[in-house]
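Listing of start.tsv, TSV, C-alpha atoms and all ligand atoms
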chain	number	residue	atom	x	y	z
A	1	MET	CA	23.84	-4.66	2.20
A	2	GLN	CA	21.84	-7.59	3.59
A	3	ILE	CA	18.12	-6.82	3.61
A	4	ALA	CA	15.19	-8.91	4.87
A	5	PHE	CA	11.93	-8.26	3.00
A	6	ILE	CA	8.70	-9.63	4.51
A	7	GLY	CA	5.45	-9.51	2.50
A	8	LEU	CA	5.67	-10.20	-1.24
A	9	GLY	CA	2.19	-9.22	-2.43
A	10	ASN	CA	1.19	-6.82	-5.19
A	11	MET	CA	3.46	-4.11	-3.75
A	12	GLY	CA	6.15	-5.93	-1.75
A	13	GLY	CA	7.12	-8.30	-4.60
A	14	PRO	CA	8.20	-5.63	-7.08
A	15	MET	CA	9.74	-3.47	-4.29
A	16	ALA	CA	11.95	-6.38	-3.17
A	17	LEU	CA	12.95	-7.08	-6.76
A	18	ASN	CA	14.00	-3.45	-7.27
A	19	LEU	CA	16.28	-3.66	-4.21
A	20	GLN	CA	17.85	-6.85	-5.52
A	21	THR	CA	18.30	-5.35	-9.00
A	22	ALA	CA	20.12	-2.44	-7.30
A	23	GLY	CA	22.69	-4.95	-6.02
A	24	HIS	CA	21.49	-5.66	-2.47
A	25	ASP	CA	21.48	-9.10	-0.88
A	26	VAL	CA	17.72	-9.50	-0.35
A	27	ARG	CA	16.30	-12.43	1.63
A	28	ALA	CA	12.54	-12.44	1.25
A	29	PHE	CA	9.59	-14.23	2.80
A	30	ASP	CA	5.80	-14.37	2.50
A	31	LEU	CA	3.31	-16.69	4.23
A	32	SER	CA	1.77	-17.36	0.81
A	33	LYS	CA	3.61	-20.09	-1.08
A	34	PRO	CA	2.32	-18.95	-4.50
A	35	ALA	CA	3.67	-15.44	-3.76
A	36	CYS	CA	7.08	-16.92	-2.84
A	37	ASP	CA	7.13	-19.20	-5.90
A	38	LYS	CA	6.30	-16.32	-8.22
A	39	LEU	CA	9.13	-14.16	-6.84
A	40	ALA	CA	11.58	-17.09	-6.77
A	41	ALA	CA	10.87	-17.55	-10.49
A	42	ASP	CA	11.82	-13.87	-10.92
A	43	GLY	CA	15.16	-14.61	-9.22
A	44	LEU	CA	14.48	-13.44	-5.64
A	45	LYS	CA	16.13	-15.38	-2.78
A	46	ILE	CA	13.34	-16.82	-0.60
A	47	ALA	CA	14.09	-17.63	3.07
A	48	GLN	CA	12.57	-20.63	4.86
A	49	ASP	CA	10.62	-18.37	7.21
A	50	ALA	CA	10.60	-14.79	8.51
A	51	THR	CA	13.10	-15.58	11.28
A	52	ALA	CA	15.57	-17.00	8.77
A	53	ALA	CA	15.07	-13.94	6.54
A	54	VAL	CA	16.11	-11.49	9.29
A	55	GLN	CA	19.22	-13.44	10.42
A	56	GLY	CA	22.18	-11.08	9.92
A	57	ALA	CA	20.04	-8.43	8.17
A	58	GLU	CA	21.12	-4.80	8.60
A	59	VAL	CA	17.73	-3.62	7.38
A	60	VAL	CA	14.31	-5.29	7.67
A	61	ILE	CA	11.46	-4.10	5.43
A	62	SER	CA	7.83	-5.18	5.87
A	63	MET	CA	4.94	-4.74	3.41
A	64	LEU	CA	1.91	-6.43	5.00
A	65	PRO	CA	-1.85	-5.85	4.71
A	66	ALA	CA	-2.92	-4.32	8.05
A	67	SER	CA	-2.07	-3.36	11.66
A	68	GLN	CA	-2.68	-6.82	13.13
A	69	HIS	CA	-0.23	-8.44	10.69
A	70	VAL	CA	2.55	-5.96	11.47
A	71	GLU	CA	2.05	-6.20	15.23
A	72	ALA	CA	1.98	-10.01	15.13
A	73	LEU	CA	5.05	-10.22	12.88
A	74	PHE	CA	7.24	-8.05	15.10
A	75	LEU	CA	5.78	-8.38	18.61
A	76	GLY	CA	4.23	-11.87	18.40
A	77	ARG	CA	0.71	-13.24	18.95
A	78	ASP	CA	-0.97	-16.08	20.86
A	79	GLY	CA	2.19	-16.93	22.77
A	80	GLN	CA	4.26	-17.06	19.57
A	81	PRO	CA	7.27	-14.71	19.71
A	82	GLY	CA	7.64	-11.99	17.10
A	83	LEU	CA	10.75	-11.07	15.12
A	84	LEU	CA	11.81	-8.49	17.73
A	85	GLY	CA	14.10	-10.99	19.47
A	86	SER	CA	15.65	-12.17	16.18
A	87	ILE	CA	16.59	-8.83	14.64
A	88	ALA	CA	20.16	-7.68	15.38
A	89	LYS	CA	20.72	-4.75	17.74
A	90	GLY	CA	21.58	-1.67	15.69
A	91	ALA	CA	19.49	-2.79	12.70
A	92	LEU	CA	16.91	-0.56	11.00
A	93	VAL	CA	13.28	-1.64	10.48
A	94	ILE	CA	11.22	0.05	7.75
A	95	ASP	CA	7.49	-0.74	7.76
A	96	SER	CA	5.88	0.31	4.47
A	97	SER	CA	2.46	-1.23	5.18
A	98	THR	CA	-0.49	1.14	5.64
A	99	ILE	CA	-1.52	0.64	9.28
A	100	ALA	CA	-2.80	2.60	12.28
A	101	ALA	CA	-0.36	5.27	13.47
A	102	ALA	CA	-0.87	3.97	17.03
A	103	THR	CA	0.37	0.52	15.98
A	104	SER	CA	3.48	2.04	14.35
A	105	GLN	CA	4.14	3.89	17.61
A	106	LYS	CA	3.66	0.75	19.73
A	107	VAL	CA	6.04	-1.29	17.54
A	108	ALA	CA	8.58	1.58	17.41
A	109	LYS	CA	8.64	1.79	21.21
A	110	ALA	CA	9.42	-1.92	21.53
A	111	PHE	CA	12.20	-1.68	18.94
A	112	ASP	CA	13.62	1.43	20.59
A	113	ALA	CA	13.91	-0.44	23.91
A	114	ALA	CA	15.86	-3.18	22.07
A	115	GLY	CA	18.28	-0.73	20.40
A	116	ILE	CA	16.72	-1.13	16.94
A	117	ALA	CA	15.70	1.88	14.82
A	118	PHE	CA	12.21	2.00	13.28
A	119	ILE	CA	10.45	4.22	10.74
A	120	ASP	CA	6.95	3.99	9.29
A	121	ALA	CA	7.21	4.54	5.54
A	122	PRO	CA	3.87	3.85	3.83
A	123	VAL	CA	3.73	4.42	0.09
A	124	SER	CA	1.59	5.80	-2.69
A	125	GLY	CA	1.84	5.18	-6.41
A	126	GLY	CA	0.11	1.83	-6.90
A	127	THR	CA	1.54	-1.37	-8.32
A	128	GLY	CA	2.71	0.56	-11.40
A	129	GLY	CA	4.83	2.77	-9.13
A	130	ALA	CA	6.14	-0.25	-7.22
A	131	ILE	CA	7.25	-1.94	-10.47
A	132	ALA	CA	8.76	1.24	-11.94
A	133	GLY	CA	10.47	2.22	-8.66
A	134	THR	CA	8.66	5.57	-8.62
A	135	LEU	CA	6.71	5.27	-5.35
A	136	THR	CA	6.13	8.18	-2.97
A	137	PHE	CA	7.29	7.40	0.59
A	138	MET	CA	5.70	9.21	3.55
A	139	VAL	CA	8.06	8.73	6.45
A	140	GLY	CA	7.49	9.00	10.19
A	141	GLY	CA	10.48	8.72	12.52
A	142	ASP	CA	13.64	10.52	13.46
A	143	ALA	CA	15.72	12.24	10.80
A	144	ALA	CA	18.81	10.07	11.40
A	145	ALA	CA	16.83	6.87	10.79
A	146	LEU	CA	15.34	8.36	7.63
A	147	GLU	CA	18.84	9.24	6.35
A	148	ARG	CA	19.92	5.62	6.91
A	149	ALA	CA	16.85	4.43	4.98
A	150	ARG	CA	17.04	7.01	2.19
A	151	PRO	CA	19.47	5.19	-0.17
A	152	LEU	CA	17.15	2.15	-0.09
A	153	LEU	CA	13.95	4.15	-0.42
A	154	GLU	CA	15.49	5.83	-3.48
A	155	LYS	CA	15.81	2.41	-5.14
A	156	MET	CA	12.06	1.88	-4.75
A	157	GLY	CA	10.66	5.39	-5.01
A	158	ALA	CA	10.97	8.80	-6.63
A	159	ASN	CA	9.61	11.01	-3.84
A	160	ILE	CA	10.54	10.78	-0.17
A	161	PHE	CA	8.77	13.00	2.37
A	162	HIS	CA	9.55	13.34	6.06
A	163	ALA	CA	6.06	13.79	7.57
A	164	GLY	CA	7.16	13.98	11.24
A	165	THR	CA	7.73	11.65	14.18
A	166	VAL	CA	6.81	7.92	14.18
A	167	GLY	CA	3.21	7.47	12.98
A	168	ALA	CA	3.17	10.72	10.98
A	169	GLY	CA	3.79	8.84	7.73
A	170	GLN	CA	0.67	6.77	8.42
A	171	THR	CA	-1.39	9.86	9.15
A	172	ALA	CA	-0.32	11.45	5.84
A	173	LYS	CA	-1.11	8.20	4.05
A	174	ILE	CA	-4.68	7.87	5.34
A	175	CYS	CA	-5.40	11.51	4.46
A	176	ASN	CA	-4.21	10.75	0.92
A	177	ASN	CA	-6.14	7.49	0.65
A	178	MET	CA	-9.33	9.00	2.02
A	179	LEU	CA	-9.10	11.53	-0.82
A	180	LEU	CA	-8.27	8.77	-3.34
A	181	GLY	CA	-11.28	6.67	-2.25
A	182	ILE	CA	-13.58	9.67	-2.65
A	183	LEU	CA	-12.06	10.60	-6.04
A	184	MET	CA	-12.37	7.05	-7.41
A	185	ALA	CA	-16.02	6.78	-6.33
A	186	GLY	CA	-16.78	10.23	-7.79
A	187	THR	CA	-14.92	9.52	-11.03
A	188	SER	CA	-16.83	6.24	-11.39
A	189	GLU	CA	-20.15	8.01	-10.88
A	190	ALA	CA	-19.35	10.68	-13.49
A	191	ILE	CA	-18.24	8.16	-16.11
A	192	ALA	CA	-21.28	5.93	-15.46
A	193	LEU	CA	-23.57	8.96	-15.87
A	194	GLY	CA	-21.98	9.87	-19.20
A	195	VAL	CA	-22.10	6.30	-20.49
A	196	ALA	CA	-25.78	6.01	-19.46
A	197	ASN	CA	-26.31	9.00	-21.75
A	198	GLY	CA	-24.54	7.29	-24.65
A	199	LEU	CA	-21.15	8.99	-24.33
A	200	ASP	CA	-17.98	7.08	-25.21
A	201	PRO	CA	-16.13	6.46	-21.90
A	202	LYS	CA	-12.74	7.16	-23.53
A	203	VAL	CA	-13.87	10.49	-24.98
A	204	LEU	CA	-15.63	11.54	-21.77
A	205	SER	CA	-12.60	10.54	-19.65
A	206	GLU	CA	-10.30	12.60	-21.84
A	207	ILE	CA	-12.63	15.61	-21.64
A	208	MET	CA	-12.72	15.43	-17.83
A	209	ARG	CA	-8.99	14.67	-17.54
A	210	ARG	CA	-8.24	17.95	-19.30
A	211	SER	CA	-10.98	19.87	-17.49
A	212	SER	CA	-11.55	20.92	-13.90
A	213	GLY	CA	-12.54	17.37	-12.88
A	214	GLY	CA	-9.08	16.00	-13.76
A	215	ASN	CA	-7.54	13.66	-11.17
A	216	TRP	CA	-5.21	10.64	-10.74
A	217	ALA	CA	-7.91	8.09	-11.66
A	218	LEU	CA	-8.49	9.88	-14.97
A	219	GLU	CA	-4.72	10.23	-15.55
A	220	LYS	CA	-3.57	6.69	-14.81
A	221	TYR	CA	-6.14	4.40	-13.27
A	222	ASN	CA	-9.43	4.74	-15.10
A	223	PRO	CA	-12.18	2.56	-13.53
A	224	PHE	CA	-13.85	1.90	-16.92
A	225	PRO	CA	-12.46	-1.17	-18.76
A	226	GLY	CA	-10.44	-0.42	-21.89
A	227	VAL	CA	-9.68	3.25	-21.26
A	228	HIS	CA	-6.21	2.62	-19.78
A	229	GLU	CA	-4.69	-0.56	-21.15
A	230	ASN	CA	-2.54	-1.22	-18.04
A	231	ALA	CA	-5.08	-0.28	-15.38
A	232	PRO	CA	-6.69	-3.08	-13.32
A	233	ALA	CA	-10.07	-2.21	-14.92
A	234	SER	CA	-8.71	-3.50	-18.24
A	235	LYS	CA	-7.51	-6.73	-16.59
A	236	GLY	CA	-10.77	-7.84	-14.97
A	237	TYR	CA	-9.94	-5.72	-11.87
A	238	ALA	CA	-7.19	-8.22	-10.94
A	239	GLY	CA	-4.06	-7.15	-9.03
A	240	GLY	CA	-3.82	-3.47	-8.14
A	241	PHE	CA	-5.13	-2.20	-4.81
A	242	GLY	CA	-7.81	-4.42	-3.30
A	243	THR	CA	-11.25	-3.05	-2.33
A	244	ASP	CA	-10.74	-4.51	1.16
A	245	LEU	CA	-7.43	-2.65	1.53
A	246	MET	CA	-9.13	0.61	0.54
A	247	LEU	CA	-11.92	-0.21	3.02
A	248	LYS	CA	-9.27	-0.73	5.73
A	249	ASP	CA	-7.68	2.66	4.95
A	250	LEU	CA	-11.04	4.47	4.99
A	251	GLY	CA	-11.75	2.81	8.35
A	252	LEU	CA	-8.40	4.04	9.69
A	253	ALA	CA	-9.26	7.56	8.49
A	254	GLN	CA	-12.64	7.45	10.26
A	255	GLU	CA	-11.13	6.13	13.52
A	256	ASN	CA	-8.58	8.91	13.38
A	257	ALA	CA	-11.25	11.52	12.58
A	258	MET	CA	-13.25	10.41	15.63
A	259	ALA	CA	-10.16	10.61	17.85
A	260	VAL	CA	-9.41	14.21	16.87
A	261	LYS	CA	-13.07	15.24	16.33
A	262	ALA	CA	-12.46	16.05	12.63
A	263	ALA	CA	-15.41	16.39	10.23
A	264	THR	CA	-14.97	13.94	7.32
A	265	PRO	CA	-18.47	13.50	5.85
A	266	LEU	CA	-17.29	12.40	2.39
A	267	GLY	CA	-14.70	10.06	3.92
A	268	GLY	CA	-17.46	8.45	5.98
A	269	LEU	CA	-19.68	8.06	2.92
A	270	ALA	CA	-16.79	6.60	0.91
A	271	ARG	CA	-16.18	4.02	3.68
A	272	ALA	CA	-19.86	3.01	3.51
A	273	ILE	CA	-19.72	2.74	-0.30
A	274	TYR	CA	-16.63	0.49	-0.32
A	275	ALA	CA	-18.06	-1.59	2.57
A	276	ALA	CA	-21.24	-2.25	0.54
A	277	HIS	CA	-19.10	-3.06	-2.52
A	278	SER	CA	-17.01	-5.51	-0.47
A	279	ILE	CA	-20.12	-7.20	0.98
A	280	ALA	CA	-21.44	-7.59	-2.57
A	281	GLY	CA	-18.46	-9.85	-3.24
A	282	HIS	CA	-15.85	-7.47	-4.67
A	283	GLY	CA	-13.45	-7.29	-1.71
A	284	ALA	CA	-10.57	-8.99	-3.51
A	285	GLU	CA	-10.98	-7.01	-6.75
A	286	ASP	CA	-9.13	-3.76	-7.35
A	287	PHE	CA	-10.87	-0.82	-5.68
A	288	SER	CA	-11.66	0.81	-9.06
A	289	SER	CA	-14.27	-1.95	-9.49
A	290	VAL	CA	-16.42	0.32	-7.28
A	291	ILE	CA	-17.74	1.59	-10.65
A	292	LYS	CA	-19.83	-1.62	-10.78
A	293	MET	CA	-22.03	-0.17	-8.03
A	294	VAL	CA	-23.20	2.62	-10.32
A	295	GLN	CA	-23.10	1.00	-13.76
A	296	LYS	CA	-26.32	0.16	-15.55
A	297	LYS	CA	-26.64	-3.60	-16.03
A	298	GLY	CA	-27.58	-4.61	-19.57
B	1	LIG	P1	-1.27	-7.90	-0.78
B	1	LIG	O1	-2.46	-8.45	-0.09
B	1	LIG	O2	-1.13	-8.08	-2.27
B	1	LIG	O3	0.09	-8.48	-0.11
B	1	LIG	C1	0.29	-8.62	1.25
B	1	LIG	C2	1.14	-9.86	1.45
B	1	LIG	O4	1.49	-9.98	2.85
B	1	LIG	C3	0.42	-11.16	1.08
B	1	LIG	O5	1.16	-11.83	0.07
B	1	LIG	C4	0.37	-11.95	2.39
B	1	LIG	O6	0.51	-13.34	2.21
B	1	LIG	C5	1.57	-11.36	3.13
B	1	LIG	N1	1.55	-11.56	4.57
B	1	LIG	C6	0.57	-11.29	5.47
B	1	LIG	N2	0.99	-11.57	6.73
B	1	LIG	C7	2.27	-12.01	6.62
B	1	LIG	C8	3.26	-12.45	7.56
B	1	LIG	N3	3.01	-12.47	8.86
B	1	LIG	N4	4.46	-12.83	7.10
B	1	LIG	C9	4.75	-12.81	5.78
B	1	LIG	N5	3.86	-12.41	4.83
B	1	LIG	C10	2.65	-12.02	5.26
B	1	LIG	O7	-1.22	-6.35	-0.41
B	1	LIG	P2	-0.48	-5.17	-1.20
B	1	LIG	O8	-1.41	-4.65	-2.25
B	1	LIG	O9	0.90	-5.59	-1.54
B	1	LIG	O10	-0.45	-4.06	-0.01
B	1	LIG	C11	0.46	-4.15	1.07
B	1	LIG	C12	0.30	-2.88	1.91
B	1	LIG	O11	0.57	-1.73	1.10
B	1	LIG	C13	-1.13	-2.68	2.48
B	1	LIG	O12	-1.04	-2.11	3.75
B	1	LIG	C14	-1.76	-1.70	1.48
B	1	LIG	O13	-2.78	-0.95	2.09
B	1	LIG	C15	-0.56	-0.87	1.09
B	1	LIG	N6	-0.61	-0.25	-0.26
B	1	LIG	C16	-1.05	-0.95	-1.34
B	1	LIG	C17	-1.07	-0.33	-2.59
B	1	LIG	C18	-1.54	-1.06	-3.83
B	1	LIG	O14	-1.75	-0.37	-4.87
B	1	LIG	N7	-1.72	-2.37	-3.81
B	1	LIG	C19	-0.62	0.99	-2.73
B	1	LIG	C20	-0.15	1.66	-1.61
B	1	LIG	C21	-0.15	1.03	-0.37
Show this structure as structure tokens.
Amino acid sequence: MQIAFIGLGNMGGPMALNLQTAGHDVRAFDLSKPACDKLAADGLKIAQDATAAVQGAEVVISMLPASQHVEALFLGRDGQPGLLGSIAKGALVIDSSTIAAATSQKVAKAFDAAGIAFIDAPVSGGTGGAIAGTLTFMVGGDAAALERARPLLEKMGANIFHAGTVGAGQTAKICNNMLLGILMAGTSEAIALGVANGLDPKVLSEIMRRSSGGNWALEKYNPFPGVHENAPASKGYAGGFGTDLMLKDLGLAQENAMAVKAATPLGGLARAIYAAHSIAGHGAEDFSSVIKMVQKKG
């Protein structure tokens, strides 16, 4: 099957490679030349631009940072046309970026009018899950479109959930990431407290992992350097899930909470914490670097 894959960052790169390894004809593109060069070296076929990538594609997958990138890519911006007019009628578009549900719905409506199916399918599982092909997909859209997408999603993920109509995948995703942002900040605070009292971060992390404070950060993504060899914390907080992307997701959660009058006091506090961390210069680092806010210096 011919697949166009747009957005080859920390997540999109390994996802596209998994589809190619599964035998699909993947034509990929990213605005960043270094991202394209890296994936080309791994054997991925890089198209000249996004329009060339979608020529003849039965399925188009996007993995971009935020709402404005997805809307501009598909619907156009500043008088520049989007990909909408270049994607074949009858094709399926899968957007795996984490964006506002309202943007997914706007894009879906335009595709629907052009006879093109669309699902929002944001993911969880981090870069480790993207590389291993064990992501969780949270899908919004009609069941028939999901069934068309399923064989491809299974090449990139281990869990596929149908959350509801278009946009529902995004809503599930921001609920999850609001919780993740809170848990990472809380886990960081607890480890920093223990270390300030002379505890070994590895020993303390293991105690909490097996106790009632256990969570995903303590299982797989410890914010303290050296506890998990493969976590971003042990690699200078490089790669992983950027602080600014977490800040975007916490902002989406707050916008949504305001729209439905939900009470999310910890989500609001987490957004403020990551915003301060970003302003302090850590926006491009992995979000687990939030531990720096509470670590004793020297
Ligand atoms: P990233 O910043 O590493 O990659 C995004 C890529 O999109 C960049 O390489 C950028 O150049 C490219 N891009 C932007 N606009 C483009 C355009 N118009 N055409 C082509 N390429 C374009 O981000 P990421 O970590 O891969 O995350 C992608 C999405 O997945 C985000 O919405 C993020 O919130 C979500 N997400 C990330 C993780 C994670 O652990 N990193 C986990 C789950 C979900």
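Nearest residue to Leu218 of chain A among A:Gly268, A:Gly236, A:Gly198, A:Gly186 is A:Gly186, counting only C-alpha atoms.
Residues in contact with ligand LIG 1 (chain B) comprise A:Ile6, A:Gly7, A:Leu8, A:Gly9, A:Asn10, A:Met11, A:Gly12, A:Phe29, A:Asp30, A:Leu31, A:Ser32, A:Ala35, A:Met63, A:Leu64, A:Pro65, A:Ala66, A:His69, A:Leu73, A:Ser97, A:Thr98, A:Val123, A:Ser124, A:Gly126, A:Thr127, A:Gly240, A:Phe241, A:Leu245, where contact means an atom-to-atom distance of at most 6 Å counting all atoms listed in the file.
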Put the listed atoms of segment 154-171 of chain A in a box along x, y and z with 6 Å added on every side and give me the centre and edge lengths in Å to one decimal, as AutoDock Vina command-line options.
--center_x 7.2 --center_y 7.9 --center_z 3.8 --size_x 29.2 --size_y 24.1 --size_z 32.8
**Surrounding residues of Arg209 of chain A excluding itself and chain neighbours under 2 positions, 12 Å, all atoms listed in the file, as a ChimeraX atom specification** = /A:187,190-191,201-207,211-222
**Request:** Show me as a PyMOL selection string the residues that reach within 9 Å of (15.8, -3.1, 20.3), counting all atoms listed in the file and using the file's own coordinates.
**Result:** chain A and resi 84-85+87-91+109-117
**Item:** Polymer residues at most 8 Å from Pro232 of chain A, all atoms listed in the file, same-chain spacing of 2 or more positions, as a VMD selection string
**Value:** chain A and resid 221 223 230 234 to 240 286 288
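Closest approach to Arg148 of chain A among A:Val54, A:Ile119, A:Ala47, A:Ala132 is made by A:Ile119 (distances from all atoms listed in the file).
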**Request:** For each of A:His162, A:Lys106, A:Lys248, A:Lys38, take the minimum atom-to-atom distance to Ala72 of chain A, counting only C-alpha atoms, then give the residue where this is smallest.
**Result:** A:Lys106
**Request:** Between A:Lys297, A:Ala108, A:Leu19, A:Gly13, single out the one closest to Asp37 of chain A, counting only C-alpha atoms.
**Result:** A:Gly13
Where does segment 201-255 of chain A meet segment 276-284 of chain A within 8 Å, residue by residue, with the nearest atom pair and distance in Å to one decimal for each, counting all atoms listed in the file, listed by chain and rising number, as a Markdown table?
| residue | atom | partner | partner_atom | distance |
| --- | --- | --- | --- | --- |
| A:Gly242 | CA | A:Ala284 | CA | 5.3 |
| A:Thr243 | CA | A:Gly283 | CA | 4.8 |
| A:Asp244 | CA | A:Gly283 | CA | 4.8 |
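When the distance limit is 8 Å and all atoms listed in the file are what count, the residues near segment 177-185 of chain A, minus those fewer than 4 positions from it on the same chain, are Lys173, Glu189, Asn215, Ala217, Pro223, Met246, Asp249, Leu250, Ala253, Leu266, Gly267, Ala270, Ser288, Val290 and Ile291 of chain A.
In this structure, atom CA of Ser104 of chain A sits 5.6 Å away from atom CA of Gly167 of chain A.
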When you write segment 33-77 of chain A out from the block above, keep C-alpha atoms and present the result as a short mmCIF file (atom, residue, chain, number, x, y, z; two decimals), in the first residue's frame, please.
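This is the output file result.cif:
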data_model
loop_
_atom_site.label_atom_id
_atom_site.label_comp_id
_atom_site.auth_asym_id
_atom_site.auth_seq_id
_atom_site.Cartn_x
_atom_site.Cartn_y
_atom_site.Cartn_z
CA LYS A 33 16.22 18.85 6.29
CA PRO A 34 18.18 17.25 9.16
CA ALA A 35 15.08 15.17 10.03
CA CYS A 36 14.78 14.04 6.38
CA ASP A 37 18.51 13.27 6.12
CA LYS A 38 18.44 11.20 9.30
CA LEU A 39 15.50 9.09 8.07
CA ALA A 40 16.95 8.79 4.56
CA ALA A 41 20.09 7.33 6.16
CA ASP A 42 17.80 4.78 7.85
CA GLY A 43 16.45 3.82 4.41
CA LEU A 44 13.19 5.82 4.27
CA LYS A 45 12.10 7.21 0.88
CA ILE A 46 11.96 11.02 1.18
CA ALA A 47 9.70 12.99 -1.19
CA GLN A 48 10.64 16.40 -2.58
CA ASP A 49 7.79 18.08 -0.72
CA ALA A 50 4.48 17.22 0.96
CA THR A 51 2.53 17.48 -2.31
CA ALA A 52 4.86 14.98 -3.98
CA ALA A 53 4.55 12.66 -0.97
CA VAL A 54 0.74 12.43 -1.25
CA GLN A 55 0.64 11.84 -5.05
CA GLY A 56 -1.08 8.47 -5.54
CA ALA A 57 -1.18 7.73 -1.79
CA GLU A 58 -4.08 5.61 -0.53
CA VAL A 59 -3.37 6.69 3.03
CA VAL A 60 -1.86 9.94 4.34
CA ILE A 61 -0.51 10.06 7.91
CA SER A 62 0.53 13.27 9.67
CA MET A 63 2.55 13.63 12.90
CA LEU A 64 3.05 17.37 13.44
CA PRO A 65 3.55 19.51 16.57
CA ALA A 66 0.31 21.47 17.01
CA SER A 67 -3.11 22.55 15.64
CA GLN A 68 -1.79 25.37 13.44
CA HIS A 69 0.63 23.01 11.64
CA VAL A 70 -2.08 20.45 10.87
CA GLU A 71 -4.58 23.07 9.69
CA ALA A 72 -1.96 24.78 7.49
CA LEU A 73 -0.74 21.47 6.02
CA PHE A 74 -4.19 20.29 4.95
CA LEU A 75 -6.26 23.45 4.48
CA GLY A 76 -3.52 25.96 3.57
CA ARG A 77 -2.38 29.29 5.04
#
